[in-house]
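Notes to accompany the following structure.
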Amino acid sequence: MSTIYIMWLRQMLRYFRSPPRIVAALAQPLLYLLAFGYGFGRIYQMAGQGDYLAFLAPGILGMSILFTSIFSGMELIWDRQFGFLKETLAAPVSRVNVMLGRTAGGATVATFQAAIVLVLAILFGFRPHDWWMLIPALLAMFLVAMLFTTLGTWFAAMLSDFQGFQMIMNFLVMPMFFLSGAMFPLNSVPPVLSMIARVDPLSYGVDAFRGLLGGASHFGLGVDFAVLAVITLVLLALGSRAFSRIEA
Amino acid sequence: MSDAMIEVIDLTKKFGDVTAVDAVSFSVKRGEIFAFLGPNGAGKSTTIKMLTTLLRPTSGTIRVNGLDPHKQALAVRRSFGIVFQDPSLDDQLTAQENMEIHGALYKVKDAKPKIERLLKFVDLYDRRKTQVQKFSGGMKRRLEIARGLLHHPTIIFLDEPTLGLDPQTRNQMWAYLHEMNKNEGTTVFFTTHYMEEADRNAQRIAIIDNGKIVAMGSPAEVKQSQNAETLEDAFLALTGHSIREEDASSTDRMRTMMRGFQNRRR
Ligand SMILES: Nc1ncnc2c1ncn2[C@@H]1O[C@H](COP(=O)(O)OP(=O)(O)OP(=O)(O)O)[C@@H](O)[C@H]1O
Ligand SMILES: [Mg+2]
């Protein structure tokens with residue numbers, strides 16, 4: 001337990017020590033809120049779909065969590081290159097706990113970032129249909145953050161260099177974002193897109209945010225949470241296995 | 001319990017077609033101070049990584065404290081401490097935080113006063129709240145040493161611990177290690193390129209060259225076998241005078257690249 005805590009704490013210390021990183025990670029979601037929220041909002045309304053910001057904000061939350069989490073998980077590559085990883089690999093503690101602590105730390109950071117994005121969205125005029133739902137929404141955000149931080153950690157445990165990181169960003173993370181329904185409603189897309197969205201874990205995350213904050217979900221909140229929890233558990237198992245086998 | 005703290009038989013490690021460690025056998029007694037010497041690229045660090053569970057051997061057997069580092073990794077990790085040759089600090093954190101994380105990972109009891117004492121010992125106490133990235137190379141090295149001494153293991157591995165250290169810190173470190181060795185029976189396994197340091201501190205040495213052990217025994221025995229005045233002369237007689245060409249390893253190159261990248265990010 002103390003191992004999990006200390007590794008979590010380390011991620012916190014690193015995060016709060018670099019304000020530039022906090023600001024940089026907010027720039028992208030902010031840009032999307034402005035460009036799409038104001039830019040597309042009119043078209044969306046004219047198409048008779050209603051308030052675009054209400055639709056968009058949960059998608060932007062999903063985007064923020066996806067990118068911050070994957071990045072936090074893949075920070076492992078940096079730790080390997082700069083050497084700190086060895087310190088934790090040689091320590092007399094369970095590597096599974098080391099990994100859990102790192103992952104929980106990364107997920108906390110991603111949730112915190114997304115909470116800031118949520119506040120910004122509210123400042124721009126986004127209104128949750130029920131303010132009390134912010135609490136379960138935060139829980140859902142943390143779950144999605146765990147999922148993607150674990151995914152990032154798992155990949156990083158198998159990769160050792162920066163080229164691999166770029167590949168994963170371009171061929172996995174970007175498609176995962178664009179095909180998830182974060183930016184468009186899933187009930188009005190061609191069947192192929194809808195099929196793809198069904199195997200994209202982010203779809204269920206964004207859908208859960210929509211269900212909790214907007215009051216209407218596509219798959220149903222039960223399905224969303226079940227899918228997210230199962231995938232997270234499977235990834236935790238795969239990630240721990242890969243992490244335990246890392247050589248220095 | 002056997003009196004061997006480390007027992008290595010026919011240990012081999014291959015990286016692709018490079019044989020870094022080639023059928024090496026040796027043993028280190030409980031409570032012994034043992035130096036592992038050899039030119040650059042001889043296979044010293046690779047051997048240490050296999051002894052300390054960080055690298056899986058290609059073949060051969062290892063016992064550390066009677067245990068197999070591969071099959072009983074956690075139990076082996078409980079018995080040793082290590083100072084790495086390469087940096088292993090978190091340079092975003094402060095000196096104090098690096099020490100505290102180590103204390104937590106190694107479950108050091110009463111860590112606060114020990115950390116204070118060790119930071120004073122390596123003369124970093126006044127800088128304890130400074131981020132490690134603002135330290136000089138030697139200061140980082142001193143912090144690595146202080147951190148390695150925070151818990152008192154049964155066996156301590158030190159991979160070129162004195163590289164880049166000033167004589168003051170070097171002597172302090174050795175005084176500390178000799179005291180641990182005497183009072184607690186700690187086994188010390190170290191590498192160094194300073195022959196005089198090995199001669200002065202080690203009870204026994206092994207010289208490895210191109211992955212093979214070429215000499216073993218007390219420093220006096222090794223000198224005698226080569227009819228040499230100094231250990232340095234014996235070392236050169238055994239390993240030849242040619243300089244080992246070794247291009248920067250791929251990790252080093254990667255590290256340089258990543259540093260460039262990080263700086264750009266800032
Ligand atoms: N991860 C790796 N991948 C490929 N080759 C490696 C790796 N690590 C070490 N080697 C090779 O194994 C050989 C032994 O390296 P090692 O680091 O053990 O040498 P060393 O005796 O510690 O040298 P030094 O005195 O320079 O520290 C070298 O030829 C090195 O290039
Ligand atoms: Mg070495």
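Numbering starts fresh at 1 for the residues of each chain in the structure tokens, the chains themselves are lettered A, B, ... in the order given, and ligands are numbered from 1 as they appear.
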message = If the cut-off is 6 Å, can you tell me the residues of chain B near chain A, counting only C-alpha atoms? I'd like them as a count of residues only.
response = 10
inquiry  = Any residue with an atom at most 6 Å from ligand 1 counts, using only C-alpha atoms and all ligand atoms. Which are they? Put them as a PyMOL selection string.
reply    = chain B and resi 15+20+39-46+249
task = DSSP on the backbone, then: every residue of region 183-247 of chain B marked alpha helix (DSSP H), written as number ranges by chain.
result = B: 183-184, 195-201, 219-225, 231-239
Atoms to include: C-alpha atoms. Write the selected residues as a compact mmCIF listing (two decimals), in the first residue's frame.
# COMPACT_ATOMS: atom_id res chain seq x y z
CA ASN B 183 29.68 -3.63 12.21
CA GLU B 184 26.96 -5.31 10.19
CA MET B 195 43.13 0.39 -9.56
CA GLU B 196 44.52 2.04 -6.50
CA GLU B 197 41.03 2.28 -5.01
CA ALA B 198 40.49 -1.43 -5.58
CA ASP B 199 43.89 -2.29 -4.12
CA ARG B 200 43.24 -0.25 -1.02
CA ASN B 201 39.67 -1.34 -0.28
CA PRO B 219 45.16 -7.85 -4.82
CA ALA B 220 48.55 -9.17 -3.61
CA GLU B 221 48.04 -12.49 -5.37
CA VAL B 222 47.06 -10.85 -8.62
CA LYS B 223 50.06 -8.53 -8.52
CA GLN B 224 52.34 -11.45 -7.74
CA SER B 225 50.99 -13.56 -10.60
CA LEU B 231 47.68 -3.41 -9.43
CA GLU B 232 47.54 -1.06 -12.40
CA ASP B 233 50.58 -2.74 -13.94
CA ALA B 234 49.08 -6.16 -13.33
CA PHE B 235 45.77 -4.99 -14.83
CA LEU B 236 47.49 -3.72 -17.96
CA ALA B 237 49.57 -6.88 -18.28
CA LEU B 238 46.38 -8.95 -18.11
CA THR B 239 44.13 -6.89 -20.33
message = Just want the 10 Å neighbourhood of Leu61 (chain A), counted on only C-alpha atoms, with same-chain residues fewer than 3 positions away dropped. Output as a PyMOL selection string.
response = chain A and resi 29+56-58+64-66+111+113-118+121+141+182+205-206+209
Keeping only C-alpha atoms, take the residues you just selected and write them out as a PDB file, in the first residue's frame.
ATOM      1  CA  PRO A  29      -9.316  21.390 -25.278  1.00  0.00           C
ATOM      2  CA  LEU A  56     -19.610  18.965 -27.396  1.00  0.00           C
ATOM      3  CA  ALA A  57     -18.437  19.582 -23.818  1.00  0.00           C
ATOM      4  CA  PRO A  58     -18.504  15.899 -22.739  1.00  0.00           C
ATOM      5  CA  SER A  64      -8.619  15.896 -22.621  1.00  0.00           C
ATOM      6  CA  ILE A  65      -8.623  12.705 -20.562  1.00  0.00           C
ATOM      7  CA  LEU A  66      -7.535  10.548 -23.487  1.00  0.00           C
ATOM      8  CA  THR A 111      -8.916  13.784 -13.984  1.00  0.00           C
ATOM      9  CA  GLN A 113      -6.957  18.466 -15.915  1.00  0.00           C
ATOM     10  CA  ALA A 114     -10.377  17.410 -17.183  1.00  0.00           C
ATOM     11  CA  ALA A 115     -12.031  19.001 -14.148  1.00  0.00           C
ATOM     12  CA  ILE A 116     -10.405  22.294 -15.146  1.00  0.00           C
ATOM     13  CA  VAL A 117     -11.715  21.811 -18.682  1.00  0.00           C
ATOM     14  CA  LEU A 118     -15.179  21.196 -17.252  1.00  0.00           C
ATOM     15  CA  ALA A 121     -16.831  24.740 -20.380  1.00  0.00           C
ATOM     16  CA  MET A 141     -13.755  10.678 -15.508  1.00  0.00           C
ATOM     17  CA  ALA A 182     -16.681  12.744 -29.122  1.00  0.00           C
ATOM     18  CA  GLY A 205     -16.371   7.112 -21.759  1.00  0.00           C
ATOM     19  CA  VAL A 206     -17.799  10.041 -23.704  1.00  0.00           C
ATOM     20  CA  PHE A 209     -20.208  11.765 -19.577  1.00  0.00           C
TER      21      PHE A 209
END
Atom-to-atom span, CA of Arg204 (chain B) and CA of Thr187 (chain B), Å =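 Straight-line distance from CA of Arg204 (chain B) to CA of Thr187 (chain B) works out to 11.8 Å.
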ask   = Which residues come within 12 Å of Leu139 (chain A), counting only C-alpha atoms, excluding same-chain residues fewer than 5 positions away, as number ranges by chain?
value = A: 107-108, 111-112, 114-115, 133-134, 144-146, 205, 208-209, 212, 225, 228-229
request  = Taking the chain letters and numbering used in this document, name the residues of region 158-220 of chain B that DSSP puts in strand (DSSP E), as a count of residues only.
outcome  = 19
task = Please indicate the distance in Å from CA of Phe124 (chain A) to CA of Pro185 (chain A), rounded to one decimal place.
result =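 Rounded to one decimal, the two atoms are 20.9 Å apart.
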